[in-house]
Amino acid sequence: MPPPRTPERKLRHRLAELRGPEVQAKALDARALAALAANPGCRRRAILDGAGVNKAALASALGSPSVFGQSQFAFVRGNAFEAKVKADGGTELLRLAHEKLDRSAEPPTAARVPDLTAPGPAGRLERTRLALREAAEAAAAAPGTWTLFDHPMLALDVAGSPAFLEPDAVVVHPDGSWTVVEIKSFPMLDGAADPSKVGAAARQAAVYVLALEEVAGRLDPPPRVRHRILLVCPKDFSNLPTASAVDVRKQRAVTARQLARLTRIEEIADTLPEGTCFSPELPAEQLTAAVESVPATYAPECLSACELAFHCRDRARAAGAVTSLGRPVRAELGGLTTVRDVLAAAHGQAGDPDDPVVAALRRAAALRAEALGTAAAAAPAAAREVAPCR
């Protein structure tokens, strides 16, 4: 007799059905989680990421292939640089951590590098938690010890579904505090890097900080998780590592708030029609119907963060949704959700004249008509003043 199905097992079974038979789940990494937190109102992305659907394959099957993602060249270069940074037991990495974050501590000499090998993500998660607890106890018993965790496994609850996360490294300082390390292959030129890339790295690191705080909260006393992360990049145009301390308190607070706003995965799954499946192997018509059964919240920012952005943009434009014009425009238009509604309100064909949004649109339309009328009237007069060429 099979064991009774718990709510957690029921949800896993339901998500597997949505993903498709024999389709391997795609892990939700910190980069995707940061993008999901940036658009918490998108139920479509929430259920697809929660079910582990490969959105790149899904976009191709829908006829809107994605160009989002890291190039193979950048991936190889990043791995090579990370290996260089962590060589010799992470000597250079710990030197940078001491220099940029903890100069008052004893300089690192021989650091501990725990073995985090274990079968499966859940096994590695438990091994990481045990090793972090041992490192905290070692720091309390023997101050002055540095510990380096190479690719630890962390977890974070995302709308009721666990997401396994793997930061590049975590450093345990001699005082027992923890620091997240982000290793990127983009350069720091004269001590500064591209602000947009640093911002993306900070948002990604904030996810790791939240997950690390979950582990720290289970220990007594809980170790301090530092909100200044160590960002390691190539120096200038060389392959030599340099680093900068980046404060991620703002990104951490925003990410935590946005994740809390996410609708729980099981609530979204319960609203879907029976038999809904997002397998890329399905016919295009059936797959399109499945995707459209989940509402999306498209914004132009999705183009740099989601593999389904081209598909959602085409649908938003076809429906005349004002979200395709950007979140600021959408916020200014209040209850007017389509371009047709906006134009009708501006031309006096619809809308409440006492509504400030409608009144502003009609005033703008009148000013535009006046400006165009003045320009049209001025054009013939200007033409008459110009002497004909002989």
# chains A, B, ... in the order shown; residues from 1 in each chain; ligands from 1
call {"tool": "residues_around", "arguments": {"residues": "stretch 159-170 of chain A", "least_positions_apart": "3", "cutoff": "9 Å", "atoms": "only C-alpha atoms", "output": "mmCIF file with N, CA, C and O atoms, in the first residue's frame"}}
result
data_model
loop_
_atom_site.group_PDB
_atom_site.id
_atom_site.type_symbol
_atom_site.label_atom_id
_atom_site.label_comp_id
_atom_site.auth_asym_id
_atom_site.auth_seq_id
_atom_site.Cartn_x
_atom_site.Cartn_y
_atom_site.Cartn_z
ATOM 1 N N GLU A 8 3.079 18.349 0.750
ATOM 2 C CA GLU A 8 4.325 18.632 0.044
ATOM 3 C C GLU A 8 4.509 17.673 -1.127
ATOM 4 O O GLU A 8 4.868 18.089 -2.238
ATOM 5 N N LEU A 11 2.094 18.586 -3.909
ATOM 6 C CA LEU A 11 2.542 19.730 -4.701
ATOM 7 C C LEU A 11 3.640 19.310 -5.668
ATOM 8 O O LEU A 11 3.627 19.717 -6.844
ATOM 9 N N ARG A 12 4.597 18.500 -5.208
ATOM 10 C CA ARG A 12 5.670 18.037 -6.090
ATOM 11 C C ARG A 12 5.106 17.261 -7.267
ATOM 12 O O ARG A 12 5.561 17.400 -8.407
ATOM 13 N N ALA A 27 16.717 23.809 -12.259
ATOM 14 C CA ALA A 27 16.930 24.415 -10.946
ATOM 15 C C ALA A 27 16.755 25.925 -11.018
ATOM 16 O O ALA A 27 17.140 26.570 -11.992
ATOM 17 N N LEU A 28 16.183 26.489 -9.979
ATOM 18 C CA LEU A 28 15.988 27.926 -9.876
ATOM 19 C C LEU A 28 17.208 28.527 -9.186
ATOM 20 O O LEU A 28 17.413 28.326 -7.992
ATOM 21 N N ASP A 29 18.058 29.239 -9.945
ATOM 22 C CA ASP A 29 19.269 29.797 -9.357
ATOM 23 C C ASP A 29 19.008 31.201 -8.834
ATOM 24 O O ASP A 29 17.922 31.763 -8.968
ATOM 25 N N ALA A 30 20.056 31.800 -8.224
ATOM 26 C CA ALA A 30 19.890 33.111 -7.593
ATOM 27 C C ALA A 30 19.611 34.198 -8.612
ATOM 28 O O ALA A 30 18.865 35.146 -8.337
ATOM 29 N N LEU A 33 16.034 33.926 -9.427
ATOM 30 C CA LEU A 33 15.253 34.292 -8.250
ATOM 31 C C LEU A 33 15.228 35.803 -8.065
ATOM 32 O O LEU A 33 14.192 36.387 -7.715
ATOM 33 N N ALA A 46 6.146 32.858 -11.995
ATOM 34 C CA ALA A 46 6.176 32.182 -10.697
ATOM 35 C C ALA A 46 5.891 30.693 -10.842
ATOM 36 O O ALA A 46 6.602 29.854 -10.287
ATOM 37 N N GLY A 50 8.600 27.805 -10.473
ATOM 38 C CA GLY A 50 8.313 26.884 -9.374
ATOM 39 C C GLY A 50 8.234 25.439 -9.827
ATOM 40 O O GLY A 50 8.644 24.527 -9.104
ATOM 41 N N ALA A 51 7.727 25.220 -11.048
ATOM 42 C CA ALA A 51 7.629 23.860 -11.590
ATOM 43 C C ALA A 51 8.931 23.388 -12.223
ATOM 44 O O ALA A 51 9.022 22.222 -12.625
ATOM 45 N N GLU A 82 37.372 32.050 -11.933
ATOM 46 C CA GLU A 82 37.009 31.581 -10.592
ATOM 47 C C GLU A 82 38.004 30.546 -10.076
ATOM 48 O O GLU A 82 38.386 30.568 -8.898
ATOM 49 N N PRO A 121 21.145 17.636 -4.111
ATOM 50 C CA PRO A 121 21.086 18.973 -3.510
ATOM 51 C C PRO A 121 20.698 18.951 -2.033
ATOM 52 O O PRO A 121 21.255 19.700 -1.231
ATOM 53 N N ALA A 122 19.724 18.089 -1.666
ATOM 54 C CA ALA A 122 19.303 18.035 -0.266
ATOM 55 C C ALA A 122 20.440 17.552 0.631
ATOM 56 O O ALA A 122 20.632 18.075 1.742
ATOM 57 N N LEU A 125 22.907 20.329 0.968
ATOM 58 C CA LEU A 125 22.357 21.365 1.843
ATOM 59 C C LEU A 125 22.596 21.023 3.310
ATOM 60 O O LEU A 125 23.057 21.871 4.085
ATOM 61 N N THR A 147 37.716 30.352 7.583
ATOM 62 C CA THR A 147 37.164 29.183 6.909
ATOM 63 C C THR A 147 36.586 29.618 5.567
ATOM 64 O O THR A 147 35.899 30.643 5.491
ATOM 65 N N LEU A 148 36.877 28.832 4.529
ATOM 66 C CA LEU A 148 36.374 29.119 3.185
ATOM 67 C C LEU A 148 35.474 27.984 2.729
ATOM 68 O O LEU A 148 35.888 26.819 2.716
ATOM 69 N N PHE A 149 34.248 28.328 2.326
ATOM 70 C CA PHE A 149 33.301 27.355 1.786
ATOM 71 C C PHE A 149 33.246 27.551 0.275
ATOM 72 O O PHE A 149 32.845 28.620 -0.207
ATOM 73 N N ASP A 150 33.651 26.526 -0.452
ATOM 74 C CA ASP A 150 33.657 26.572 -1.909
ATOM 75 C C ASP A 150 32.355 25.978 -2.443
ATOM 76 O O ASP A 150 32.101 24.789 -2.298
ATOM 77 N N HIS A 151 31.534 26.820 -3.056
ATOM 78 C CA HIS A 151 30.238 26.409 -3.601
ATOM 79 C C HIS A 151 29.380 25.674 -2.574
ATOM 80 O O HIS A 151 28.997 24.515 -2.780
ATOM 81 N N PRO A 152 29.060 26.327 -1.451
ATOM 82 C CA PRO A 152 28.127 25.695 -0.507
ATOM 83 C C PRO A 152 26.730 25.642 -1.106
ATOM 84 O O PRO A 152 26.415 26.367 -2.055
ATOM 85 N N MET A 153 25.898 24.813 -0.542
ATOM 86 C CA MET A 153 24.516 24.691 -1.003
ATOM 87 C C MET A 153 23.592 25.299 0.046
ATOM 88 O O MET A 153 23.627 24.916 1.216
ATOM 89 N N LEU A 154 22.782 26.266 -0.386
ATOM 90 C CA LEU A 154 21.819 26.919 0.485
ATOM 91 C C LEU A 154 20.420 26.710 -0.092
ATOM 92 O O LEU A 154 20.269 26.221 -1.212
ATOM 93 N N ALA A 155 19.405 27.098 0.666
ATOM 94 C CA ALA A 155 18.024 26.944 0.201
ATOM 95 C C ALA A 155 17.196 28.114 0.682
ATOM 96 O O ALA A 155 17.476 28.714 1.730
ATOM 97 N N LEU A 156 16.176 28.435 -0.105
ATOM 98 C CA LEU A 156 15.268 29.538 0.236
ATOM 99 C C LEU A 156 13.875 29.139 -0.207
ATOM 100 O O LEU A 156 13.692 28.599 -1.306
ATOM 101 N N TRP A 178 29.788 35.742 8.842
ATOM 102 C CA TRP A 178 29.785 35.117 7.512
ATOM 103 C C TRP A 178 29.681 36.176 6.422
ATOM 104 O O TRP A 178 28.940 37.153 6.558
ATOM 105 N N THR A 179 30.390 35.965 5.318
ATOM 106 C CA THR A 179 30.359 36.880 4.175
ATOM 107 C C THR A 179 30.144 36.094 2.887
ATOM 108 O O THR A 179 30.811 35.081 2.652
ATOM 109 N N VAL A 180 29.230 36.580 2.051
ATOM 110 C CA VAL A 180 29.000 36.007 0.728
ATOM 111 C C VAL A 180 30.025 36.562 -0.247
ATOM 112 O O VAL A 180 30.340 37.754 -0.226
ATOM 113 N N VAL A 181 30.562 35.694 -1.117
ATOM 114 C CA VAL A 181 31.545 36.096 -2.122
ATOM 115 C C VAL A 181 30.950 35.872 -3.504
ATOM 116 O O VAL A 181 30.456 34.780 -3.799
ATOM 117 N N GLU A 182 30.995 36.926 -4.330
ATOM 118 C CA GLU A 182 30.559 36.839 -5.718
ATOM 119 C C GLU A 182 31.777 37.026 -6.619
ATOM 120 O O GLU A 182 32.483 38.040 -6.514
ATOM 121 N N ILE A 183 32.025 36.065 -7.502
ATOM 122 C CA ILE A 183 33.164 36.131 -8.422
ATOM 123 C C ILE A 183 32.616 36.334 -9.828
ATOM 124 O O ILE A 183 31.873 35.494 -10.338
ATOM 125 N N ALA A 205 23.599 38.541 -5.035
ATOM 126 C CA ALA A 205 24.204 38.253 -3.735
ATOM 127 C C ALA A 205 23.201 38.436 -2.606
ATOM 128 O O ALA A 205 23.277 37.738 -1.580
ATOM 129 N N VAL A 207 20.164 37.571 -2.567
ATOM 130 C CA VAL A 207 19.438 36.307 -2.434
ATOM 131 C C VAL A 207 20.237 35.331 -1.572
ATOM 132 O O VAL A 207 19.692 34.659 -0.691
ATOM 133 N N TYR A 208 21.552 35.268 -1.814
ATOM 134 C CA TYR A 208 22.404 34.389 -1.010
ATOM 135 C C TYR A 208 22.430 34.830 0.450
ATOM 136 O O TYR A 208 22.450 33.995 1.362
ATOM 137 N N ALA A 211 19.345 33.576 2.134
ATOM 138 C CA ALA A 211 19.425 32.131 2.387
ATOM 139 C C ALA A 211 20.398 31.824 3.513
ATOM 140 O O ALA A 211 20.155 30.918 4.334
ATOM 141 N N LEU A 259 9.746 38.850 -2.456
ATOM 142 C CA LEU A 259 9.503 37.415 -2.333
ATOM 143 C C LEU A 259 8.304 37.137 -1.441
ATOM 144 O O LEU A 259 7.551 36.182 -1.663
ATOM 145 N N ALA A 260 8.135 37.968 -0.424
ATOM 146 C CA ALA A 260 6.990 37.786 0.463
ATOM 147 C C ALA A 260 5.674 38.071 -0.259
ATOM 148 O O ALA A 260 4.620 37.566 0.131
ATOM 149 N N ARG A 261 5.727 38.886 -1.327
ATOM 150 C CA ARG A 261 4.518 39.233 -2.077
ATOM 151 C C ARG A 261 4.129 38.160 -3.088
ATOM 152 O O ARG A 261 3.006 38.191 -3.606
ATOM 153 N N LEU A 262 5.016 37.253 -3.381
ATOM 154 C CA LEU A 262 4.721 36.242 -4.386
ATOM 155 C C LEU A 262 3.551 35.356 -3.961
ATOM 156 O O LEU A 262 3.480 34.899 -2.824
ATOM 157 N N THR A 263 2.630 35.145 -4.885
ATOM 158 C CA THR A 263 1.530 34.221 -4.630
ATOM 159 C C THR A 263 2.085 32.802 -4.511
ATOM 160 O O THR A 263 2.970 32.409 -5.262
ATOM 161 N N ARG A 264 1.577 32.060 -3.553
ATOM 162 C CA ARG A 264 2.085 30.717 -3.344
ATOM 163 C C ARG A 264 1.827 29.848 -4.575
ATOM 164 O O ARG A 264 0.799 29.954 -5.236
ATOM 165 N N ILE A 265 2.797 28.981 -4.865
ATOM 166 C CA ILE A 265 2.756 28.176 -6.082
ATOM 167 C C ILE A 265 1.493 27.316 -6.145
ATOM 168 O O ILE A 265 0.853 27.203 -7.203
ATOM 169 N N GLU A 266 1.111 26.717 -5.004
ATOM 170 C CA GLU A 266 -0.057 25.835 -5.041
ATOM 171 C C GLU A 266 -1.336 26.612 -5.345
ATOM 172 O O GLU A 266 -2.261 26.068 -5.961
#
call {"tool": "residues_around", "arguments": {"residues": "A:Ala192", "least_positions_apart": "2", "cutoff": "12 Å", "atoms": "only C-alpha atoms", "output": "PyMOL selection string"}}
result
chain A and resi 186-190+194-198+231-236+242-246
call {"tool": "residues_around", "arguments": {"residues": "A:Pro223", "least_positions_apart": "2", "cutoff": "12 Å", "atoms": "only C-alpha atoms", "output": "MDAnalysis selection string"}}
result
chainID A and resid 132:137 139:140 172:179 212:221 225:226
call {"tool": "residues_around", "arguments": {"residues": "A:Leu343", "least_positions_apart": "4", "cutoff": "10 Å", "atoms": "only C-alpha atoms", "output": "list in words"}}
result
Leu336, Thr338, Val339, His347, Gly348, Gln349, Ala350, Val358, Leu361, Arg362 and Ala365 of chain A
call {"tool": "write_last_selection", "arguments": {"atoms": "N, CA, C and O atoms", "output": "compact mmCIF listing (two decimals), in the first residue's frame"}}
result
# COMPACT_ATOMS: atom_id res chain seq x y z
N LEU A 336 -6.83 52.79 -16.53
CA LEU A 336 -6.82 52.61 -17.99
C LEU A 336 -5.73 51.61 -18.34
O LEU A 336 -4.55 51.90 -18.19
N THR A 338 -5.53 49.69 -21.39
CA THR A 338 -5.21 49.46 -22.80
C THR A 338 -5.02 50.80 -23.51
O THR A 338 -5.56 51.84 -23.08
N VAL A 339 -4.28 50.76 -24.61
CA VAL A 339 -4.06 51.97 -25.40
C VAL A 339 -5.38 52.50 -25.95
O VAL A 339 -5.60 53.72 -26.02
N HIS A 347 -9.84 61.62 -26.12
CA HIS A 347 -10.68 62.26 -27.14
C HIS A 347 -12.11 62.49 -26.67
O HIS A 347 -12.99 62.86 -27.47
N GLY A 348 -12.37 62.25 -25.37
CA GLY A 348 -13.69 62.51 -24.82
C GLY A 348 -14.73 61.48 -25.16
O GLY A 348 -15.92 61.73 -24.98
N GLN A 349 -14.33 60.32 -25.65
CA GLN A 349 -15.28 59.29 -26.05
C GLN A 349 -15.62 58.34 -24.91
O GLN A 349 -16.58 57.57 -25.01
N ALA A 350 -14.86 58.38 -23.84
CA ALA A 350 -15.08 57.50 -22.69
C ALA A 350 -14.38 58.10 -21.49
O ALA A 350 -13.59 59.03 -21.61
N VAL A 358 -8.12 61.04 -16.53
CA VAL A 358 -8.88 61.38 -17.73
C VAL A 358 -8.76 62.87 -18.02
O VAL A 358 -8.58 63.29 -19.18
N LEU A 361 -5.38 63.61 -19.51
CA LEU A 361 -5.27 63.14 -20.89
C LEU A 361 -6.00 64.09 -21.85
O LEU A 361 -5.49 64.39 -22.94
N ARG A 362 -7.19 64.55 -21.45
CA ARG A 362 -7.94 65.45 -22.33
C ARG A 362 -7.23 66.80 -22.46
O ARG A 362 -7.23 67.41 -23.54
N ALA A 365 -4.41 66.22 -24.85
CA ALA A 365 -4.89 66.09 -26.22
C ALA A 365 -5.26 67.46 -26.79
O ALA A 365 -5.00 67.76 -27.97
call {"tool": "select_by_dssp", "arguments": {"residues": "stretch 31-192 of chain A", "states": "helix (DSSP H, G or I)", "output": "PyMOL selection string"}}
result
chain A and resi 31-38+43-50+55-61+72-85+87-101+120-141
call {"tool": "residues_around", "arguments": {"residues": "A:Glu274", "least_positions_apart": "5", "cutoff": "12 Å", "atoms": "only C-alpha atoms", "output": "PyMOL selection string"}}
result
chain A and resi 14+17-18+269+290+293
call {"tool": "closest_residue", "arguments": {"among": "A:Gln204, A:Leu230, A:Pro114, A:Glu281", "to": "A:Leu96", "atoms": "only C-alpha atoms"}}
result
A:Leu230
call {"tool": "atom_distance", "arguments": {"atom1": "atom CA of A:Ser279", "atom2": "atom CA of A:Gly41"}}
result
23.3 Å
call {"tool": "atom_distance", "arguments": {"atom1": "atom CA of A:Asp49", "atom2": "atom CA of A:Arg77"}}
result
27.3 Å
call {"tool": "residues_around", "arguments": {"residues": "A:Tyr298", "least_positions_apart": "4", "cutoff": "8 Å", "atoms": "only C-alpha atoms", "output": "NGL selection string"}}
result
:A and (42 or 302 or 309 or 312-313 or 316 or 323-324)
call {"tool": "atom_distance", "arguments": {"atom1": "atom CA of A:Val209", "atom2": "atom CA of A:Phe73"}}
result
28.5 Å
call {"tool": "closest_residue", "arguments": {"among": "A:Val322, A:Ala346, A:Ala35, A:Pro295", "to": "A:Ala369", "atoms": "only C-alpha atoms"}}
result
A:Ala346
call {"tool": "closest_residue", "arguments": {"among": "A:Ala319, A:Leu272, A:Ala34, A:Ala25", "to": "A:Ala202", "atoms": "only C-alpha atoms"}}
result
A:Ala34
